[in-house]
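Undergrad: upload15.pdb (PDB, C-alpha atoms) pasted underneath:
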MODEL        1
ATOM      1  CA  MET A   1     -84.421  40.115-194.731
ATOM      2  CA  ALA A   2     -88.052  39.373-195.458
ATOM      3  CA  LEU A   3     -89.715  36.361-193.832
ATOM      4  CA  THR A   4     -90.911  33.683-196.099
ATOM      5  CA  ASP A   5     -94.330  32.154-195.785
ATOM      6  CA  ALA A   6     -92.720  29.095-194.276
ATOM      7  CA  ASP A   7     -91.049  31.181-191.591
ATOM      8  CA  VAL A   8     -94.317  32.904-190.790
ATOM      9  CA  GLN A   9     -96.140  29.609-190.532
ATOM     10  CA  LYS A  10     -93.411  28.286-188.306
ATOM     11  CA  GLN A  11     -93.637  31.258-185.928
ATOM     12  CA  ILE A  12     -97.400  31.065-185.822
ATOM     13  CA  LYS A  13     -97.196  27.362-185.069
ATOM     14  CA  HIS A  14     -94.641  28.045-182.325
ATOM     15  CA  MET A  15     -96.850  30.748-180.766
ATOM     16  CA  MET A  16     -99.868  28.490-180.896
ATOM     17  CA  GLY A  17     -97.910  25.740-179.196
ATOM     18  CA  PHE A  18     -96.839  28.148-176.473
ATOM     19  CA  ILE A  19    -100.409  29.384-175.980
ATOM     20  CA  GLU A  20    -101.708  25.828-175.838
ATOM     21  CA  GLN A  21     -99.066  24.899-173.281
ATOM     22  CA  GLU A  22     -99.889  27.975-171.202
ATOM     23  CA  ALA A  23    -103.576  27.166-171.440
ATOM     24  CA  SER A  24    -102.960  23.538-170.487
ATOM     25  CA  GLU A  25    -100.840  24.549-167.511
ATOM     26  CA  LYS A  26    -103.505  27.061-166.483
ATOM     27  CA  VAL A  27    -106.200  24.423-166.738
ATOM     28  CA  GLU A  28    -104.132  22.024-164.619
ATOM     29  CA  GLU A  29    -103.516  24.793-162.104
ATOM     30  CA  ILE A  30    -107.231  25.598-161.963
ATOM     31  CA  ASP A  31    -108.102  21.898-161.640
ATOM     32  CA  ALA A  32    -105.531  21.428-158.895
ATOM     33  CA  LYS A  33    -106.778  24.485-157.015
ATOM     34  CA  ALA A  34    -110.380  23.399-157.454
ATOM     35  CA  GLU A  35    -109.576  19.904-156.185
ATOM     36  CA  GLU A  36    -107.676  21.385-153.249
ATOM     37  CA  GLU A  37    -110.593  23.644-152.372
ATOM     38  CA  PHE A  38    -112.965  20.724-152.815
ATOM     39  CA  ASN A  39    -110.886  18.562-150.493
ATOM     40  CA  ILE A  40    -110.680  21.383-147.955
ATOM     41  CA  GLU A  41    -114.440  21.949-148.093
ATOM     42  CA  LYS A  42    -115.065  18.214-147.966
ATOM     43  CA  GLY A  43    -112.775  17.917-144.943
ATOM     44  CA  ARG A  44    -114.541  20.842-143.268
ATOM     45  CA  LEU A  45    -117.963  19.324-143.899
ATOM     46  CA  VAL A  46    -116.799  15.905-142.715
ATOM     47  CA  GLN A  47    -115.309  17.434-139.566
ATOM     48  CA  THR A  48    -118.467  19.459-138.947
ATOM     49  CA  GLN A  49    -120.636  16.368-139.304
ATOM     50  CA  ARG A  50    -118.242  14.362-137.145
ATOM     51  CA  VAL A  51    -118.472  17.003-134.410
ATOM     52  CA  LYS A  52    -122.270  17.008-134.695
ATOM     53  CA  ILE A  53    -122.366  13.214-134.494
ATOM     54  CA  MET A  54    -120.022  13.214-131.492
ATOM     55  CA  GLN A  55    -122.119  15.880-129.771
ATOM     56  CA  HIS A  56    -125.271  13.904-130.538
ATOM     57  CA  TYR A  57    -123.878  10.716-129.007
ATOM     58  CA  GLU A  58    -122.359  12.599-126.067
ATOM     59  CA  LYS A  59    -125.817  14.007-125.386
ATOM     60  CA  LYS A  60    -127.307  10.517-125.722
ATOM     61  CA  ASP A  61    -124.670   9.119-123.359
ATOM     62  CA  LYS A  62    -125.470  11.809-120.796
ATOM     63  CA  GLN A  63    -129.195  11.101-121.132
ATOM     64  CA  ILE A  64    -128.600   7.371-120.716
ATOM     65  CA  GLU A  65    -126.359   7.980-117.699
ATOM     66  CA  GLN A  66    -128.923  10.296-116.156
ATOM     67  CA  HIS A  67    -131.659   7.750-116.817
ATOM     68  CA  LYS A  68    -129.535   5.060-115.153
ATOM     69  CA  LYS A  69    -129.002   7.284-112.114
ATOM     70  CA  ILE A  70    -132.735   7.972-111.844
ATOM     71  CA  GLN A  71    -133.544   4.267-112.169
ATOM     72  CA  MET A  72    -130.916   3.364-109.587
ATOM     73  CA  SER A  73    -132.231   6.043-107.219
ATOM     74  CA  ASN A  74    -135.791   4.754-107.662
ATOM     75  CA  LEU A  75    -134.706   1.166-107.052
ATOM     76  CA  MET A  76    -132.770   2.179-103.927
ATOM     77  CA  ASN A  77    -135.750   4.164-102.632
ATOM     78  CA  GLN A  78    -138.069   1.223-103.270
ATOM     79  CA  ALA A  79    -135.658  -1.124-101.510
ATOM     80  CA  ARG A  80    -135.328   1.326 -98.599
ATOM     81  CA  LEU A  81    -139.116   1.600 -98.303
ATOM     82  CA  LYS A  82    -139.430  -2.195 -98.302
ATOM     83  CA  VAL A  83    -136.825  -2.439 -95.538
ATOM     84  CA  LEU A  84    -138.577   0.255 -93.495
ATOM     85  CA  LYS A  85    -141.945  -1.455 -93.958
ATOM     86  CA  ALA A  86    -140.475  -4.812 -92.947
ATOM     87  CA  ARG A  87    -138.991  -3.198 -89.829
ATOM     88  CA  ASP A  88    -142.274  -1.463 -88.984
ATOM     89  CA  ASP A  89    -144.121  -4.750 -89.467
ATOM     90  CA  MET A  90    -141.676  -6.486 -87.140
ATOM     91  CA  ILE A  91    -142.148  -3.814 -84.458
ATOM     92  CA  THR A  92    -145.933  -3.999 -84.894
ATOM     93  CA  ASP A  93    -145.803  -7.772 -84.452
ATOM     94  CA  LEU A  94    -143.617  -7.323 -81.378
ATOM     95  CA  LEU A  95    -146.054  -4.842 -79.822
ATOM     96  CA  ASN A  96    -149.026  -7.077 -80.659
ATOM     97  CA  GLU A  97    -147.293  -9.967 -78.939
ATOM     98  CA  ALA A  98    -146.624  -7.748 -75.913
ATOM     99  CA  ARG A  99    -150.317  -6.744 -75.822
ATOM    100  CA  GLN A 100    -151.301 -10.395 -75.838
ATOM    101  CA  ARG A 101    -148.982 -11.047 -72.919
ATOM    102  CA  LEU A 102    -150.517  -8.163 -70.943
ATOM    103  CA  ALA A 103    -153.557 -10.310 -70.284
ATOM    104  CA  GLU A 104    -151.348 -12.716 -68.328
ATOM    105  CA  ILE A 105    -150.431 -10.009 -65.802
ATOM    106  CA  ALA A 106    -153.918  -9.770 -64.283
ATOM    107  CA  LYS A 107    -154.025 -13.553 -63.786
ATOM    108  CA  ASP A 108    -151.394 -13.318 -61.049
ATOM    109  CA  ALA A 109    -153.411 -11.715 -58.275
ATOM    110  CA  ALA A 110    -150.464 -10.757 -56.076
ATOM    111  CA  SER A 111    -148.456  -9.150 -58.856
ATOM    112  CA  TYR A 112    -151.494  -7.437 -60.342
ATOM    113  CA  SER A 113    -152.559  -6.062 -56.981
ATOM    114  CA  ALA A 114    -149.109  -4.544 -56.452
ATOM    115  CA  LEU A 115    -149.217  -3.094 -59.953
ATOM    116  CA  LEU A 116    -152.609  -1.474 -59.305
ATOM    117  CA  GLU A 117    -151.261   0.090 -56.107
ATOM    118  CA  GLY A 118    -148.477   1.732 -58.100
ATOM    119  CA  LEU A 119    -150.834   2.932 -60.846
ATOM    120  CA  VAL A 120    -153.277   4.428 -58.320
ATOM    121  CA  LEU A 121    -150.555   6.304 -56.424
ATOM    122  CA  GLN A 122    -149.058   7.541 -59.673
ATOM    123  CA  GLY A 123    -152.505   8.846 -60.732
ATOM    124  CA  PHE A 124    -152.800  10.763 -57.449
ATOM    125  CA  TYR A 125    -149.397  12.383 -57.934
ATOM    126  CA  GLN A 126    -150.068  13.286 -61.549
ATOM    127  CA  LEU A 127    -153.379  15.041 -60.824
ATOM    128  CA  LEU A 128    -152.618  16.545 -57.373
ATOM    129  CA  GLU A 129    -156.356  17.174 -56.968
ATOM    130  CA  PRO A 130    -158.362  17.122 -53.709
ATOM    131  CA  LYS A 131    -161.088  14.995 -55.330
ATOM    132  CA  VAL A 132    -160.555  12.270 -57.895
ATOM    133  CA  THR A 133    -162.637   9.551 -59.540
ATOM    134  CA  ILE A 134    -161.214   6.183 -60.583
ATOM    135  CA  ARG A 135    -162.575   3.989 -63.354
ATOM    136  CA  CYS A 136    -161.561   0.335 -63.512
ATOM    137  CA  ARG A 137    -162.815  -2.983 -64.793
ATOM    138  CA  GLN A 138    -165.732  -4.359 -62.819
ATOM    139  CA  GLN A 139    -163.726  -7.436 -61.852
ATOM    140  CA  ASP A 140    -160.963  -5.212 -60.417
ATOM    141  CA  VAL A 141    -163.122  -3.127 -58.044
ATOM    142  CA  GLU A 142    -162.038  -4.878 -54.838
ATOM    143  CA  MET A 143    -158.329  -4.726 -55.718
ATOM    144  CA  VAL A 144    -158.641  -1.026 -56.638
ATOM    145  CA  GLN A 145    -160.469  -0.293 -53.381
ATOM    146  CA  ALA A 146    -157.638  -1.949 -51.478
ATOM    147  CA  ALA A 147    -155.069   0.022 -53.481
ATOM    148  CA  VAL A 148    -156.881   3.295 -52.768
ATOM    149  CA  LYS A 149    -157.120   2.551 -49.046
ATOM    150  CA  LYS A 150    -153.400   1.772 -48.900
ATOM    151  CA  ASN A 151    -152.266   4.789 -50.923
ATOM    152  CA  ILE A 152    -154.371   7.610 -49.432
ATOM    153  CA  PRO A 153    -152.195   7.898 -46.259
ATOM    154  CA  ILE A 154    -149.024   7.570 -48.350
ATOM    155  CA  TYR A 155    -150.189  10.401 -50.604
ATOM    156  CA  LYS A 156    -151.274  12.608 -47.691
ATOM    157  CA  GLU A 157    -147.921  12.147 -45.989
ATOM    158  CA  ALA A 158    -146.037  12.984 -49.175
ATOM    159  CA  VAL A 159    -147.916  16.106 -50.370
ATOM    160  CA  LYS A 160    -149.561  17.242 -47.094
ATOM    161  CA  ILE A 161    -152.938  17.511 -48.838
ATOM    162  CA  ASN A 162    -156.111  15.559 -48.150
ATOM    163  CA  ILE A 163    -157.683  13.597 -51.004
ATOM    164  CA  VAL A 164    -161.166  12.169 -51.541
ATOM    165  CA  VAL A 165    -161.344   9.212 -53.880
ATOM    166  CA  LYS A 166    -164.440   7.836 -55.587
ATOM    167  CA  ILE A 167    -164.525   4.612 -57.599
ATOM    168  CA  ASP A 168    -166.993   4.910 -60.458
ATOM    169  CA  GLN A 169    -169.430   2.031 -60.042
ATOM    170  CA  GLU A 170    -171.572   3.008 -63.045
ATOM    171  CA  ARG A 171    -169.098   3.334 -65.906
ATOM    172  CA  PHE A 172    -166.573   0.553 -65.693
ATOM    173  CA  LEU A 173    -163.692   0.165 -68.091
ATOM    174  CA  PRO A 174    -164.336  -2.506 -70.760
ATOM    175  CA  SER A 175    -163.810  -5.958 -69.339
ATOM    176  CA  GLU A 176    -161.879  -7.012 -72.461
ATOM    177  CA  ILE A 177    -158.964  -4.687 -71.758
ATOM    178  CA  CYS A 178    -156.020  -6.187 -69.913
ATOM    179  CA  GLY A 179    -156.384  -4.097 -66.771
ATOM    180  CA  GLY A 180    -155.302  -0.887 -65.109
ATOM    181  CA  ILE A 181    -157.246   2.267 -64.259
ATOM    182  CA  GLU A 182    -158.203   5.758 -65.384
ATOM    183  CA  VAL A 183    -158.071   8.632 -62.878
ATOM    184  CA  TYR A 184    -160.098  11.847 -63.353
ATOM    185  CA  ASN A 185    -160.245  15.140 -61.526
ATOM    186  CA  ASP A 186    -163.533  16.195 -59.932
ATOM    187  CA  ASN A 187    -165.121  17.669 -63.102
ATOM    188  CA  ARG A 188    -163.635  14.927 -65.290
ATOM    189  CA  LYS A 189    -161.894  17.429 -67.587
ATOM    190  CA  ILE A 190    -158.471  16.009 -66.784
ATOM    191  CA  LYS A 191    -157.736  12.330 -67.166
ATOM    192  CA  VAL A 192    -154.731  10.183 -66.355
ATOM    193  CA  SER A 193    -154.917   6.960 -68.353
ATOM    194  CA  ASN A 194    -153.088   4.223 -66.512
ATOM    195  CA  THR A 195    -154.544   1.225 -68.266
ATOM    196  CA  LEU A 196    -152.058  -1.507 -69.073
ATOM    197  CA  GLU A 197    -152.555  -0.885 -72.796
ATOM    198  CA  ASN A 198    -151.838   2.813 -72.387
ATOM    199  CA  ARG A 199    -148.754   2.138 -70.282
ATOM    200  CA  LEU A 200    -147.490  -0.250 -72.941
ATOM    201  CA  GLU A 201    -148.011   2.335 -75.693
ATOM    202  CA  LEU A 202    -146.260   5.005 -73.637
ATOM    203  CA  MET A 203    -143.360   2.711 -72.857
ATOM    204  CA  ALA A 204    -143.109   1.683 -76.531
ATOM    205  CA  GLN A 205    -142.894   5.340 -77.587
ATOM    206  CA  GLN A 206    -140.256   6.152 -74.994
ATOM    207  CA  MET A 207    -138.179   3.065 -75.709
ATOM    208  CA  MET A 208    -138.627   2.968 -79.495
ATOM    209  CA  PRO A 209    -135.066   4.212 -80.241
ATOM    210  CA  GLU A 210    -133.588   1.500 -77.985
ATOM    211  CA  ILE A 211    -135.941  -1.115 -79.433
ATOM    212  CA  ARG A 212    -134.864  -0.230 -82.978
ATOM    213  CA  VAL A 213    -131.182  -0.395 -82.044
ATOM    214  CA  ASP A 214    -131.665  -3.774 -80.347
ATOM    215  CA  LEU A 215    -133.551  -5.174 -83.341
ATOM    216  CA  PHE A 216    -131.742  -3.579 -86.279
ATOM    217  CA  GLY A 217    -128.518  -2.123 -84.919
ATOM    218  CA  ALA A 218    -127.453   1.518 -84.735
ATOM    219  CA  ASN A 219    -128.167   3.729 -87.749
ATOM    220  CA  PRO A 220    -124.804   5.161 -88.923
ATOM    221  CA  ASN A 221    -126.592   8.064 -90.644
ATOM    222  CA  ARG A 222    -128.381   9.168 -87.497
ATOM    223  CA  ARG A 223    -126.628  11.809 -85.396
ATOM    224  CA  PHE A 224    -129.184  12.160 -82.653
ATOM    225  CA  THR A 225    -131.502   9.810 -80.815
ATOM    226  CA  ASP A 226    -135.163  10.527 -80.108
TER     227      ASP A 226
ENDMDL
END
Could you show the structure in this file as structure tokens?
TA:
Amino acid sequence: MALTDADVQKQIKHMMGFIEQEASEKVEEIDAKAEEEFNIEKGRLVQTQRVKIMQHYEKKDKQIEQHKKIQMSNLMNQARLKVLKARDDMITDLLNEARQRLAEIAKDAASYSALLEGLVLQGFYQLLEPKVTIRCRQQDVEMVQAAVKKNIPIYKEAVKINIVVKIDQERFLPSEICGGIEVYNDNRKIKVSNTLENRLELMAQQMMPEIRVDLFGANPNRRFTD
């Protein structure tokens, strides 16, 4: 049975409708896929930028933390240096006060005379020389002569060696020092300094650990004493 023109037109119209529907569905599918890919790419880019931002601020946080630690360390060091300086200043003041009090020792003739006797005998023992020269302040010559006279037999008895002692009458120790003596061997190459100032300095060095403990307490970070 032959198709009429109307039937042909109807089939063509039906085919065109089908093609249009297929095309529309394909377009929607392409659009949906494109949007999905766009969203995926957008999400990837957003995540990448988020990670970069987080890394940037993590780095900044670390830098800030490190800077804080450095500042804190500097402040602690400055504070520690100030404390150490204050302690050193206190010890210096203490030693200066002790030096000022040394002058009072020589004003008590009996005590000073006994002290000179001990310093002279100590000088003999430290040198152990057959000939020695003693320097003293000019105002102390008589006391030193008496100390020498008293100590020569004591020294001889102790070491079984004779000793000749000369008191230097040309080069006295400065009158402004607090007192004491200097003892030299015969050629003056060896000297024992037993001035009161020197004895104070020596005592301060030897007792410095105890002085620091008495003034500031024990250092918990210190394992050994000087």
Undergrad: Using the chain letters and numbering of this document, enumerate as an NGL selection string the residues selected by the PyMOL selection byres ((chain A and resi 188) around 12).
TA: :A and (127 or 129 or 131-135 or 168 or 182-187 or 189-192)
Undergrad: Expand the PyMOL selection byres ((chain A and resi 195) around 9) into the explicit residue set it covers here, and present it as number ranges by chain.
TA: A: 119, 136, 177-182, 193-194, 196-200
Undergrad: Distance atom CA of Arg137 of chain A-atom CA of Ser175 of chain A, one decimal place?
TA: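 Atom-to-atom, atom CA of Arg137 of chain A to atom CA of Ser175 of chain A, that is 5.5 Å.
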Undergrad: Let me make sure I understand: among A:Glu41, A:Asp140, A:Asp7, A:Asp89, which one has the smallest atom-to-atom distance to Pro174 of chain A if we use all atoms listed in the file?
TA: A:Asp140
Undergrad: To verify the selection step, state as a list in words which residues the PyMOL selection byres ((chain A and resi 209-212) around 12) yields on this input.
TA: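 For this structure, the PyMOL selection byres ((chain A and resi 209-212) around 12) resolves to Leu84, Arg87, Asp88, Met90, Ile91, Thr92, Leu94, Leu95, Met203, Ala204, Gln205, Gln206, Met207, Met208, Val213, Asp214, Leu215, Phe216, Gly217, Ala218, Asn219, Arg222, Phe224, Thr225 and Asp226 of chain A.
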Undergrad: Could you take the residues named above and write them with C-alpha atoms, as a PDB file, in the coordinates of the input?
TA:
ATOM      1  CA  LEU A  84    -138.577   0.255 -93.495  1.00  0.00           C
ATOM      2  CA  ARG A  87    -138.991  -3.198 -89.829  1.00  0.00           C
ATOM      3  CA  ASP A  88    -142.274  -1.463 -88.984  1.00  0.00           C
ATOM      4  CA  MET A  90    -141.676  -6.486 -87.140  1.00  0.00           C
ATOM      5  CA  ILE A  91    -142.148  -3.814 -84.458  1.00  0.00           C
ATOM      6  CA  THR A  92    -145.933  -3.999 -84.894  1.00  0.00           C
ATOM      7  CA  LEU A  94    -143.617  -7.323 -81.378  1.00  0.00           C
ATOM      8  CA  LEU A  95    -146.054  -4.842 -79.822  1.00  0.00           C
ATOM      9  CA  MET A 203    -143.360   2.711 -72.857  1.00  0.00           C
ATOM     10  CA  ALA A 204    -143.109   1.683 -76.531  1.00  0.00           C
ATOM     11  CA  GLN A 205    -142.894   5.340 -77.587  1.00  0.00           C
ATOM     12  CA  GLN A 206    -140.256   6.152 -74.994  1.00  0.00           C
ATOM     13  CA  MET A 207    -138.179   3.065 -75.709  1.00  0.00           C
ATOM     14  CA  MET A 208    -138.627   2.968 -79.495  1.00  0.00           C
ATOM     15  CA  VAL A 213    -131.182  -0.395 -82.044  1.00  0.00           C
ATOM     16  CA  ASP A 214    -131.665  -3.774 -80.347  1.00  0.00           C
ATOM     17  CA  LEU A 215    -133.551  -5.174 -83.341  1.00  0.00           C
ATOM     18  CA  PHE A 216    -131.742  -3.579 -86.279  1.00  0.00           C
ATOM     19  CA  GLY A 217    -128.518  -2.123 -84.919  1.00  0.00           C
ATOM     20  CA  ALA A 218    -127.453   1.518 -84.735  1.00  0.00           C
ATOM     21  CA  ASN A 219    -128.167   3.729 -87.749  1.00  0.00           C
ATOM     22  CA  ARG A 222    -128.381   9.168 -87.497  1.00  0.00           C
ATOM     23  CA  PHE A 224    -129.184  12.160 -82.653  1.00  0.00           C
ATOM     24  CA  THR A 225    -131.502   9.810 -80.815  1.00  0.00           C
ATOM     25  CA  ASP A 226    -135.163  10.527 -80.108  1.00  0.00           C
TER      26      ASP A 226
END
Undergrad: Up to 8 Å from (-159.9, 4.5, -54.4) in the file's coordinates: name the residues, counting only C-alpha atoms, as a ChimeraX atom specification.
TA: /A:120,133-134,144-149,165-167
Undergrad: One decimal, in Å: what's the spacing between atom CA of Ile161 of chain A and atom CA of Gln122 of chain A?
TA: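 Interatomic distance here is 15.2 Å.
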Undergrad: Please complete segment 5-22 of chain A with N, CA and C atoms and give it back as a PDB file, in the coordinates of the input.
TA:
ATOM      1  N   ASP A   5     -93.070  32.725-196.302  1.00  0.00           N
ATOM      2  CA  ASP A   5     -94.330  32.154-195.785  1.00  0.00           C
ATOM      3  C   ASP A   5     -94.059  30.991-194.848  1.00  0.00           C
ATOM      4  N   ALA A   6     -93.047  30.253-195.138  1.00  0.00           N
ATOM      5  CA  ALA A   6     -92.720  29.095-194.276  1.00  0.00           C
ATOM      6  C   ALA A   6     -92.281  29.550-192.907  1.00  0.00           C
ATOM      7  N   ASP A   7     -91.497  30.669-192.880  1.00  0.00           N
ATOM      8  CA  ASP A   7     -91.049  31.181-191.591  1.00  0.00           C
ATOM      9  C   ASP A   7     -92.231  31.702-190.783  1.00  0.00           C
ATOM     10  N   VAL A   8     -93.122  32.375-191.479  1.00  0.00           N
ATOM     11  CA  VAL A   8     -94.317  32.904-190.790  1.00  0.00           C
ATOM     12  C   VAL A   8     -95.150  31.768-190.201  1.00  0.00           C
ATOM     13  N   GLN A   9     -95.358  30.757-191.011  1.00  0.00           N
ATOM     14  CA  GLN A   9     -96.140  29.609-190.532  1.00  0.00           C
ATOM     15  C   GLN A   9     -95.474  28.935-189.334  1.00  0.00           C
ATOM     16  N   LYS A  10     -94.166  28.911-189.393  1.00  0.00           N
ATOM     17  CA  LYS A  10     -93.411  28.286-188.306  1.00  0.00           C
ATOM     18  C   LYS A  10     -93.572  29.076-187.013  1.00  0.00           C
ATOM     19  N   GLN A  11     -93.494  30.416-187.120  1.00  0.00           N
ATOM     20  CA  GLN A  11     -93.637  31.258-185.928  1.00  0.00           C
ATOM     21  C   GLN A  11     -95.056  31.160-185.355  1.00  0.00           C
ATOM     22  N   ILE A  12     -95.999  31.177-186.285  1.00  0.00           N
ATOM     23  CA  ILE A  12     -97.400  31.065-185.822  1.00  0.00           C
ATOM     24  C   ILE A  12     -97.610  29.737-185.105  1.00  0.00           C
ATOM     25  N   LYS A  13     -97.063  28.682-185.691  1.00  0.00           N
ATOM     26  CA  LYS A  13     -97.196  27.362-185.069  1.00  0.00           C
ATOM     27  C   LYS A  13     -96.522  27.344-183.702  1.00  0.00           C
ATOM     28  N   HIS A  14     -95.368  27.994-183.600  1.00  0.00           N
ATOM     29  CA  HIS A  14     -94.641  28.045-182.325  1.00  0.00           C
ATOM     30  C   HIS A  14     -95.450  28.804-181.288  1.00  0.00           C
ATOM     31  N   MET A  15     -96.038  29.947-181.673  1.00  0.00           N
ATOM     32  CA  MET A  15     -96.850  30.748-180.766  1.00  0.00           C
ATOM     33  C   MET A  15     -98.093  29.970-180.311  1.00  0.00           C
ATOM     34  N   MET A  16     -98.687  29.274-181.238  1.00  0.00           N
ATOM     35  CA  MET A  16     -99.868  28.490-180.896  1.00  0.00           C
ATOM     36  C   MET A  16     -99.516  27.379-179.906  1.00  0.00           C
ATOM     37  N   GLY A  17     -98.358  26.779-180.115  1.00  0.00           N
ATOM     38  CA  GLY A  17     -97.910  25.740-179.196  1.00  0.00           C
ATOM     39  C   GLY A  17     -97.682  26.305-177.792  1.00  0.00           C
ATOM     40  N   PHE A  18     -97.100  27.501-177.765  1.00  0.00           N
ATOM     41  CA  PHE A  18     -96.839  28.148-176.473  1.00  0.00           C
ATOM     42  C   PHE A  18     -98.160  28.467-175.767  1.00  0.00           C
ATOM     43  N   ILE A  19     -99.095  29.024-176.547  1.00  0.00           N
ATOM     44  CA  ILE A  19    -100.409  29.384-175.980  1.00  0.00           C
ATOM     45  C   ILE A  19    -101.128  28.136-175.457  1.00  0.00           C
ATOM     46  N   GLU A  20    -101.055  27.069-176.260  1.00  0.00           N
ATOM     47  CA  GLU A  20    -101.708  25.828-175.838  1.00  0.00           C
ATOM     48  C   GLU A  20    -101.091  25.276-174.552  1.00  0.00           C
ATOM     49  N   GLN A  21     -99.755  25.381-174.489  1.00  0.00           N
ATOM     50  CA  GLN A  21     -99.066  24.899-173.281  1.00  0.00           C
ATOM     51  C   GLN A  21     -99.459  25.730-172.057  1.00  0.00           C
ATOM     52  N   GLU A  22     -99.492  27.086-172.284  1.00  0.00           N
ATOM     53  CA  GLU A  22     -99.889  27.975-171.202  1.00  0.00           C
ATOM     54  C   GLU A  22    -101.322  27.667-170.742  1.00  0.00           C
TER      55      GLU A  22
END
